[in-house]
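One file, data.txt, carrying compact mmCIF, N, CA and C atoms:
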```
# COMPACT_ATOMS: atom_id res chain seq x y z
N ALA Z 403 0.36 63.99 51.09
CA ALA Z 403 -0.82 63.91 50.24
C ALA Z 403 -0.36 63.96 48.79
N GLN Z 404 -1.10 63.32 47.94
CA GLN Z 404 -0.77 63.35 46.52
C GLN Z 404 -2.02 63.06 45.72
N MET Z 405 -1.96 63.41 44.44
CA MET Z 405 -3.10 63.17 43.56
C MET Z 405 -2.60 62.96 42.14
N ASP Z 406 -3.17 61.99 41.46
CA ASP Z 406 -2.89 61.76 40.05
C ASP Z 406 -4.15 62.04 39.27
N SER Z 407 -4.00 62.70 38.13
CA SER Z 407 -5.16 62.99 37.29
C SER Z 407 -4.69 63.36 35.90
N TRP Z 408 -5.52 63.11 34.92
CA TRP Z 408 -5.28 63.62 33.58
C TRP Z 408 -5.39 65.14 33.63
N PRO Z 409 -4.67 65.88 32.80
CA PRO Z 409 -4.79 67.35 32.81
C PRO Z 409 -6.25 67.78 32.64
N GLN Z 410 -6.66 68.67 33.50
CA GLN Z 410 -8.04 69.18 33.53
C GLN Z 410 -9.05 68.04 33.52
N ARG Z 411 -8.76 67.02 34.32
CA ARG Z 411 -9.64 65.85 34.47
C ARG Z 411 -9.95 65.18 33.13
N GLY Z 412 -8.99 65.22 32.22
CA GLY Z 412 -9.15 64.58 30.92
C GLY Z 412 -9.59 65.51 29.81
N ASN Z 413 -9.84 66.78 30.13
CA ASN Z 413 -10.32 67.73 29.12
C ASN Z 413 -9.20 68.47 28.39
N ALA Z 414 -7.95 68.24 28.77
CA ALA Z 414 -6.82 68.92 28.11
C ALA Z 414 -5.66 67.94 27.93
N PRO Z 415 -5.83 66.94 27.08
CA PRO Z 415 -4.76 65.95 26.90
C PRO Z 415 -3.48 66.61 26.37
N THR Z 416 -2.35 66.11 26.83
CA THR Z 416 -1.07 66.70 26.41
C THR Z 416 -0.86 66.60 24.90
N SER Z 417 -1.55 65.69 24.24
CA SER Z 417 -1.40 65.54 22.79
C SER Z 417 -1.87 66.76 22.01
N VAL Z 418 -2.66 67.64 22.64
CA VAL Z 418 -3.13 68.84 21.95
C VAL Z 418 -2.46 70.12 22.47
N TRP Z 419 -1.55 70.00 23.44
CA TRP Z 419 -0.85 71.18 23.95
C TRP Z 419 0.02 71.79 22.86
N GLN Z 420 0.09 73.11 22.83
CA GLN Z 420 0.94 73.83 21.89
C GLN Z 420 2.12 74.44 22.65
N PRO Z 421 3.29 74.55 22.02
CA PRO Z 421 4.45 75.17 22.69
C PRO Z 421 4.09 76.56 23.21
N GLY Z 422 4.46 76.82 24.44
CA GLY Z 422 4.21 78.13 25.05
C GLY Z 422 2.83 78.29 25.67
N ALA Z 423 1.96 77.32 25.47
CA ALA Z 423 0.60 77.41 26.03
C ALA Z 423 0.65 77.24 27.54
N VAL Z 424 -0.26 77.91 28.22
CA VAL Z 424 -0.42 77.75 29.66
C VAL Z 424 -1.68 76.94 29.89
N ILE Z 425 -1.55 75.82 30.58
CA ILE Z 425 -2.68 74.95 30.86
C ILE Z 425 -2.94 75.01 32.36
N ARG Z 426 -4.04 75.63 32.75
CA ARG Z 426 -4.39 75.71 34.17
C ARG Z 426 -5.02 74.39 34.58
N ASP Z 427 -4.55 73.87 35.71
CA ASP Z 427 -5.03 72.58 36.19
C ASP Z 427 -5.09 72.64 37.71
N ASP Z 428 -6.28 72.75 38.27
CA ASP Z 428 -6.47 72.92 39.71
C ASP Z 428 -6.54 71.58 40.43
N TYR Z 429 -5.92 71.53 41.60
CA TYR Z 429 -5.93 70.34 42.44
C TYR Z 429 -6.19 70.74 43.88
N GLU Z 430 -6.82 69.86 44.62
CA GLU Z 430 -7.02 70.06 46.05
C GLU Z 430 -6.38 68.88 46.78
N LEU Z 431 -5.42 69.19 47.64
CA LEU Z 431 -4.76 68.17 48.43
C LEU Z 431 -5.20 68.30 49.88
N THR Z 432 -5.50 67.19 50.51
CA THR Z 432 -5.93 67.19 51.90
C THR Z 432 -4.92 66.40 52.72
N LEU Z 433 -4.33 67.07 53.69
CA LEU Z 433 -3.39 66.38 54.57
C LEU Z 433 -4.16 65.59 55.62
N PRO Z 434 -3.63 64.46 56.04
CA PRO Z 434 -4.26 63.73 57.13
C PRO Z 434 -4.27 64.57 58.41
N LYS Z 435 -5.26 64.36 59.25
CA LYS Z 435 -5.36 65.14 60.49
C LYS Z 435 -4.14 64.97 61.38
N ASN Z 436 -3.46 63.83 61.28
CA ASN Z 436 -2.30 63.57 62.11
C ASN Z 436 -0.98 63.93 61.42
N ALA Z 437 -1.04 64.67 60.33
CA ALA Z 437 0.19 65.08 59.63
C ALA Z 437 1.04 65.94 60.56
N PRO Z 438 2.33 65.69 60.60
CA PRO Z 438 3.20 66.49 61.45
C PRO Z 438 3.21 67.96 61.03
N LEU Z 439 3.35 68.84 62.00
CA LEU Z 439 3.51 70.26 61.70
C LEU Z 439 4.85 70.44 61.00
N GLY Z 440 4.93 71.45 60.15
CA GLY Z 440 6.20 71.71 59.48
C GLY Z 440 6.00 72.30 58.11
N VAL Z 441 7.07 72.32 57.36
CA VAL Z 441 7.06 72.87 56.00
C VAL Z 441 6.97 71.71 55.01
N TYR Z 442 6.04 71.85 54.08
CA TYR Z 442 5.82 70.83 53.06
C TYR Z 442 6.10 71.44 51.68
N THR Z 443 6.66 70.63 50.80
CA THR Z 443 6.96 71.05 49.44
C THR Z 443 5.87 70.56 48.51
N ILE Z 444 5.33 71.48 47.69
CA ILE Z 444 4.35 71.12 46.67
C ILE Z 444 5.10 71.02 45.34
N GLN Z 445 5.04 69.86 44.73
CA GLN Z 445 5.73 69.67 43.45
C GLN Z 445 4.81 68.97 42.47
N ILE Z 446 5.17 69.09 41.20
CA ILE Z 446 4.38 68.48 40.13
C ILE Z 446 5.31 67.70 39.21
N GLY Z 447 4.78 66.63 38.67
CA GLY Z 447 5.52 65.84 37.70
C GLY Z 447 4.53 65.19 36.75
N LEU Z 448 5.00 64.87 35.58
CA LEU Z 448 4.17 64.20 34.58
C LEU Z 448 4.76 62.82 34.32
N TYR Z 449 3.90 61.88 33.96
CA TYR Z 449 4.41 60.56 33.60
C TYR Z 449 3.63 60.01 32.43
N LEU Z 450 4.26 59.08 31.76
CA LEU Z 450 3.64 58.41 30.62
C LEU Z 450 2.71 57.33 31.16
N ALA Z 451 1.42 57.46 30.89
CA ALA Z 451 0.41 56.57 31.47
C ALA Z 451 0.70 55.10 31.14
N GLU Z 452 1.13 54.82 29.94
CA GLU Z 452 1.33 53.42 29.51
C GLU Z 452 2.44 52.73 30.29
N THR Z 453 3.46 53.46 30.69
CA THR Z 453 4.62 52.84 31.36
C THR Z 453 4.75 53.24 32.82
N GLN Z 454 4.05 54.30 33.23
CA GLN Z 454 4.16 54.87 34.58
C GLN Z 454 5.53 55.48 34.85
N HIS Z 455 6.34 55.71 33.80
CA HIS Z 455 7.64 56.35 33.96
C HIS Z 455 7.49 57.86 33.94
N ARG Z 456 8.15 58.52 34.91
CA ARG Z 456 8.09 59.98 34.99
C ARG Z 456 8.83 60.59 33.81
N LEU Z 457 8.32 61.72 33.34
CA LEU Z 457 8.93 62.45 32.23
C LEU Z 457 9.95 63.44 32.78
N TRP Z 458 10.98 63.71 32.02
CA TRP Z 458 12.04 64.62 32.44
C TRP Z 458 11.68 66.06 32.16
N VAL Z 459 12.15 66.94 33.02
CA VAL Z 459 12.05 68.39 32.83
C VAL Z 459 13.34 68.83 32.16
N LEU Z 460 13.21 69.61 31.10
CA LEU Z 460 14.38 70.11 30.37
C LEU Z 460 14.61 71.58 30.70
N ASP Z 461 15.87 72.01 30.67
CA ASP Z 461 16.14 73.44 30.83
C ASP Z 461 16.00 74.13 29.48
N ALA Z 462 16.26 75.43 29.44
CA ALA Z 462 16.07 76.22 28.22
C ALA Z 462 16.93 75.72 27.06
N SER Z 463 18.05 75.07 27.36
CA SER Z 463 18.91 74.57 26.29
C SER Z 463 18.60 73.12 25.92
N GLY Z 464 17.55 72.54 26.55
CA GLY Z 464 17.16 71.19 26.22
C GLY Z 464 17.87 70.11 27.01
N GLN Z 465 18.61 70.48 28.04
CA GLN Z 465 19.33 69.52 28.87
C GLN Z 465 18.40 68.95 29.95
N LEU Z 466 18.51 67.65 30.19
CA LEU Z 466 17.73 67.00 31.23
C LEU Z 466 18.07 67.58 32.59
N GLN Z 467 17.05 67.85 33.41
CA GLN Z 467 17.28 68.42 34.73
C GLN Z 467 16.81 67.49 35.85
N THR Z 468 15.53 67.17 35.88
CA THR Z 468 14.93 66.39 36.95
C THR Z 468 13.60 65.84 36.45
N ASP Z 469 12.87 65.15 37.31
CA ASP Z 469 11.57 64.61 36.88
C ASP Z 469 10.39 65.29 37.56
N HIS Z 470 10.64 66.48 38.15
CA HIS Z 470 9.54 67.21 38.79
C HIS Z 470 9.90 68.70 38.85
N VAL Z 471 8.89 69.51 39.15
CA VAL Z 471 9.08 70.94 39.34
C VAL Z 471 8.50 71.30 40.70
N VAL Z 472 9.27 72.02 41.51
CA VAL Z 472 8.78 72.50 42.79
C VAL Z 472 7.93 73.73 42.54
N LEU Z 473 6.67 73.70 42.98
CA LEU Z 473 5.76 74.83 42.79
C LEU Z 473 5.85 75.83 43.93
N THR Z 474 5.86 75.32 45.16
CA THR Z 474 5.90 76.19 46.34
C THR Z 474 6.17 75.35 47.57
N ARG Z 475 6.34 76.01 48.68
CA ARG Z 475 6.43 75.35 49.98
C ARG Z 475 5.39 75.98 50.87
N ILE Z 476 4.75 75.17 51.71
CA ILE Z 476 3.74 75.70 52.63
C ILE Z 476 4.08 75.28 54.05
N ARG Z 477 3.69 76.09 55.01
CA ARG Z 477 3.86 75.75 56.42
C ARG Z 477 2.52 75.28 56.97
N VAL Z 478 2.55 74.11 57.61
CA VAL Z 478 1.36 73.56 58.24
C VAL Z 478 1.56 73.68 59.75
N GLY Z 479 0.64 74.34 60.40
CA GLY Z 479 0.73 74.46 61.85
C GLY Z 479 0.60 75.90 62.31
N LYS Z 480 0.97 76.09 63.55
CA LYS Z 480 0.80 77.39 64.20
C LYS Z 480 1.89 78.35 63.83
```

Kindly return the structure encoded in the file as structure tokens.
Amino acid sequence: AQMDSWPQRGNAPTSVWQPGAVIRDDYELTLPKNAPLGVYTIQIGLYLAETQHRLWVLDASGQLQTDHVVLTRIRVGK
């Protein structure tokens, strides 16, 4: 499952974000009924709307790391 959306459904554009600010952005993902049981990774990434290119995540020293952040893992099933 996946979802694309502007931050806070368009109410918190990244152009107004301030360094250190926390922007809460809720999402609901629905797995298909036939999704295999197992462990799923929830991750987030940002991309530039005009080009559809994913933005890089930087570490504390400003070095490029990856294009997403893993938020959590969930187990689906019994």

Subject >> For Z:Val478, the nearest of the candidates Z:Pro421, Z:Pro409, Z:Gly447, Z:Pro438, counting all atoms listed in the file >> reply: Z:Pro438

Subject >> Option closest in space to Z:Asp428, from Z:Arg411, Z:Gln404, Z:Leu448, Z:Leu457 [counting all atoms listed in the file] >> reply: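 Using all atoms listed in the file, Z:Asp428 sits closest to Z:Arg411.
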
**OP:** Using atom C of Z:Asp427 and atom N of Z:Leu450 as the two end points, give the distance in Å to one decimal.
**Re:**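 Going from atom C of Z:Asp427 over to atom N of Z:Leu450 covers 17.5 Å.
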
Subject >> Nearby residues, (13.1, 65.4, 38.0) file frame, 8 Å, all atoms listed in the file, as a PyMOL selection string >> reply: chain Z and resi 447+456-459+466-471

Could those selected residues go to a file with N, CA and C atoms, as a tab-separated table (two decimals), in the coordinates of the input?
```tsv
chain	number	residue	atom	x	y	z
Z	447	GLY	N	4.78	66.63	38.67
Z	447	GLY	CA	5.52	65.84	37.70
Z	447	GLY	C	4.53	65.19	36.75
Z	456	ARG	N	8.15	58.52	34.91
Z	456	ARG	CA	8.09	59.98	34.99
Z	456	ARG	C	8.83	60.59	33.81
Z	457	LEU	N	8.32	61.72	33.34
Z	457	LEU	CA	8.93	62.45	32.23
Z	457	LEU	C	9.95	63.44	32.78
Z	458	TRP	N	10.98	63.71	32.02
Z	458	TRP	CA	12.04	64.62	32.44
Z	458	TRP	C	11.68	66.06	32.16
Z	459	VAL	N	12.15	66.94	33.02
Z	459	VAL	CA	12.05	68.39	32.83
Z	459	VAL	C	13.34	68.83	32.16
Z	466	LEU	N	18.51	67.65	30.19
Z	466	LEU	CA	17.73	67.00	31.23
Z	466	LEU	C	18.07	67.58	32.59
Z	467	GLN	N	17.05	67.85	33.41
Z	467	GLN	CA	17.28	68.42	34.73
Z	467	GLN	C	16.81	67.49	35.85
Z	468	THR	N	15.53	67.17	35.88
Z	468	THR	CA	14.93	66.39	36.95
Z	468	THR	C	13.60	65.84	36.45
Z	469	ASP	N	12.87	65.15	37.31
Z	469	ASP	CA	11.57	64.61	36.88
Z	469	ASP	C	10.39	65.29	37.56
Z	470	HIS	N	10.64	66.48	38.15
Z	470	HIS	CA	9.54	67.21	38.79
Z	470	HIS	C	9.90	68.70	38.85
Z	471	VAL	N	8.89	69.51	39.15
Z	471	VAL	CA	9.08	70.94	39.34
Z	471	VAL	C	8.50	71.30	40.70
```

**OP:** Please indicate the distance in Å from atom CA of Z:Gly479 to atom CA of Z:Tyr442, rounded to one decimal place.
**Re:**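 The value is 10.8 Å.
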
**OP:** Have a look at atom C of Z:Pro415 and atom CA of Z:Glu452 and let me know their distance in Å, one decimal.
**Re:**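 Computing it gives 14.4 Å between the two atoms.
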
Subject >> Among listed residues Z:Ile444, Z:Met405, Z:Ala414, Z:Val472, nearest Z:Glu430 (using only N, CA and C atoms) >> reply: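 Residue with the minimum atom-to-atom distance to Z:Glu430: Z:Met405.
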
Original post:
Which parts of chain Z does DSSP call strand (DSSP E) when run on the backbone here, written out as a list in words?
Top reply: Gly440, Val441, Tyr442, Thr443, Ile444, Gln445, Ile446, Tyr449, Leu450, His455, Arg456, Val459, Leu460, Leu466, Gln467, Thr468, Val471, Val472, Leu473, Thr474, Arg475, Ile476, Arg477 and Val478 of chain Z

**OP:** Find, counting only C-alpha atoms, the residue in Z:Val418, Z:Leu460, Z:Val424, Z:Ile476 that gets nearest to Z:Val441.
**Re:** Z:Ile476

Original post:
Which one is closest to Z:Leu473: Z:Asn436, Z:Tyr429, Z:Thr443, Z:Gln410? Count all atoms listed in the file.
Top reply: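 Looking only at the distances to Z:Leu473, the closest residue turns out to be Z:Thr443.
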
Report, as AutoDock Vina command-line options, the axis-aligned box around all atoms of stretch 459-469 of chain Z present in the file, extended by 3 Å on each side; give centre and edge lengths in Å to one decimal place.
```
--center_x 14.9 --center_y 70.4 --center_z 31.7 --size_x 14.9 --size_y 17.6 --size_z 17.6
```

If you run DSSP on this backbone, which residues of chain Z come out as helix (DSSP H, G or I), and could you give them as an mmCIF file with N, CA and C atoms, keeping the file's coordinate frame?
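Output contents, as saved in selection04.cif:
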```
data_model
loop_
_atom_site.group_PDB
_atom_site.id
_atom_site.type_symbol
_atom_site.label_atom_id
_atom_site.label_comp_id
_atom_site.auth_asym_id
_atom_site.auth_seq_id
_atom_site.Cartn_x
_atom_site.Cartn_y
_atom_site.Cartn_z
ATOM 1 N N PRO Z 409 -4.670 65.880 32.800
ATOM 2 C CA PRO Z 409 -4.790 67.350 32.810
ATOM 3 C C PRO Z 409 -6.250 67.780 32.640
ATOM 4 N N GLN Z 410 -6.660 68.670 33.500
ATOM 5 C CA GLN Z 410 -8.040 69.180 33.530
ATOM 6 C C GLN Z 410 -9.050 68.040 33.520
ATOM 7 N N ARG Z 411 -8.760 67.020 34.320
ATOM 8 C CA ARG Z 411 -9.640 65.850 34.470
ATOM 9 C C ARG Z 411 -9.950 65.180 33.130
ATOM 10 N N GLY Z 412 -8.990 65.220 32.220
ATOM 11 C CA GLY Z 412 -9.150 64.580 30.920
ATOM 12 C C GLY Z 412 -9.590 65.510 29.810
ATOM 13 N N THR Z 416 -2.350 66.110 26.830
ATOM 14 C CA THR Z 416 -1.070 66.700 26.410
ATOM 15 C C THR Z 416 -0.860 66.600 24.900
ATOM 16 N N SER Z 417 -1.550 65.690 24.240
ATOM 17 C CA SER Z 417 -1.400 65.540 22.790
ATOM 18 C C SER Z 417 -1.870 66.760 22.010
ATOM 19 N N VAL Z 418 -2.660 67.640 22.640
ATOM 20 C CA VAL Z 418 -3.130 68.840 21.950
ATOM 21 C C VAL Z 418 -2.460 70.120 22.470
#
```

Original post:
Which one is closest to Z:Ala403: Z:Asp461, Z:Gln420, Z:Pro434, Z:Gly440? Count only N, CA and C atoms.
Top reply: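 Selected residue with least distance to Z:Ala403: Z:Pro434.
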
Could you write stretch 451-474 of chain Z as a CSV table (one decimal), in the frame of the given file, with N, CA, C and O atoms rebuilt where they are missing?
```csv
chain,number,residue,atom,x,y,z
Z,451,ALA,N,1.4,57.5,30.9
Z,451,ALA,CA,0.4,56.6,31.5
Z,451,ALA,C,0.7,55.1,31.1
Z,451,ALA,O,0.5,54.2,32.0
Z,452,GLU,N,1.1,54.8,29.9
Z,452,GLU,CA,1.3,53.4,29.5
Z,452,GLU,C,2.4,52.7,30.3
Z,452,GLU,O,2.4,51.5,30.5
Z,453,THR,N,3.5,53.5,30.7
Z,453,THR,CA,4.6,52.8,31.4
Z,453,THR,C,4.8,53.2,32.8
Z,453,THR,O,5.5,52.6,33.6
Z,454,GLN,N,4.0,54.3,33.2
Z,454,GLN,CA,4.2,54.9,34.6
Z,454,GLN,C,5.5,55.5,34.8
Z,454,GLN,O,5.9,55.8,36.0
Z,455,HIS,N,6.3,55.7,33.8
Z,455,HIS,CA,7.6,56.4,34.0
Z,455,HIS,C,7.5,57.9,33.9
Z,455,HIS,O,6.8,58.4,33.1
Z,456,ARG,N,8.2,58.5,34.9
Z,456,ARG,CA,8.1,60.0,35.0
Z,456,ARG,C,8.8,60.6,33.8
Z,456,ARG,O,9.8,60.1,33.3
Z,457,LEU,N,8.3,61.7,33.3
Z,457,LEU,CA,8.9,62.4,32.2
Z,457,LEU,C,10.0,63.4,32.8
Z,457,LEU,O,9.8,64.0,33.9
Z,458,TRP,N,11.0,63.7,32.0
Z,458,TRP,CA,12.0,64.6,32.4
Z,458,TRP,C,11.7,66.1,32.2
Z,458,TRP,O,11.0,66.4,31.2
Z,459,VAL,N,12.2,66.9,33.0
Z,459,VAL,CA,12.0,68.4,32.8
Z,459,VAL,C,13.3,68.8,32.2
Z,459,VAL,O,14.4,68.5,32.6
Z,460,LEU,N,13.2,69.6,31.1
Z,460,LEU,CA,14.4,70.1,30.4
Z,460,LEU,C,14.6,71.6,30.7
Z,460,LEU,O,13.7,72.3,30.9
Z,461,ASP,N,15.9,72.0,30.7
Z,461,ASP,CA,16.1,73.4,30.8
Z,461,ASP,C,16.0,74.1,29.5
Z,461,ASP,O,15.7,73.5,28.5
Z,462,ALA,N,16.3,75.4,29.4
Z,462,ALA,CA,16.1,76.2,28.2
Z,462,ALA,C,16.9,75.7,27.1
Z,462,ALA,O,16.6,75.9,25.9
Z,463,SER,N,18.0,75.1,27.4
Z,463,SER,CA,18.9,74.6,26.3
Z,463,SER,C,18.6,73.1,25.9
Z,463,SER,O,19.3,72.5,25.1
Z,464,GLY,N,17.6,72.5,26.6
Z,464,GLY,CA,17.2,71.2,26.2
Z,464,GLY,C,17.9,70.1,27.0
Z,464,GLY,O,17.7,68.9,26.7
Z,465,GLN,N,18.6,70.5,28.0
Z,465,GLN,CA,19.3,69.5,28.9
Z,465,GLN,C,18.4,69.0,30.0
Z,465,GLN,O,17.6,69.7,30.6
Z,466,LEU,N,18.5,67.6,30.2
Z,466,LEU,CA,17.7,67.0,31.2
Z,466,LEU,C,18.1,67.6,32.6
Z,466,LEU,O,19.2,67.8,32.9
Z,467,GLN,N,17.0,67.8,33.4
Z,467,GLN,CA,17.3,68.4,34.7
Z,467,GLN,C,16.8,67.5,35.8
Z,467,GLN,O,17.6,67.1,36.7
Z,468,THR,N,15.5,67.2,35.9
Z,468,THR,CA,14.9,66.4,37.0
Z,468,THR,C,13.6,65.8,36.4
Z,468,THR,O,13.2,66.1,35.3
Z,469,ASP,N,12.9,65.2,37.3
Z,469,ASP,CA,11.6,64.6,36.9
Z,469,ASP,C,10.4,65.3,37.6
Z,469,ASP,O,9.3,64.8,37.6
Z,470,HIS,N,10.6,66.5,38.2
Z,470,HIS,CA,9.5,67.2,38.8
Z,470,HIS,C,9.9,68.7,38.8
Z,470,HIS,O,11.0,69.1,38.6
Z,471,VAL,N,8.9,69.5,39.2
Z,471,VAL,CA,9.1,70.9,39.3
Z,471,VAL,C,8.5,71.3,40.7
Z,471,VAL,O,7.4,70.9,41.0
Z,472,VAL,N,9.3,72.0,41.5
Z,472,VAL,CA,8.8,72.5,42.8
Z,472,VAL,C,7.9,73.7,42.5
Z,472,VAL,O,8.4,74.7,41.9
Z,473,LEU,N,6.7,73.7,43.0
Z,473,LEU,CA,5.8,74.8,42.8
Z,473,LEU,C,5.8,75.8,43.9
Z,473,LEU,O,5.9,77.0,43.7
Z,474,THR,N,5.9,75.3,45.2
Z,474,THR,CA,5.9,76.2,46.3
Z,474,THR,C,6.2,75.4,47.6
Z,474,THR,O,6.2,74.1,47.5
```
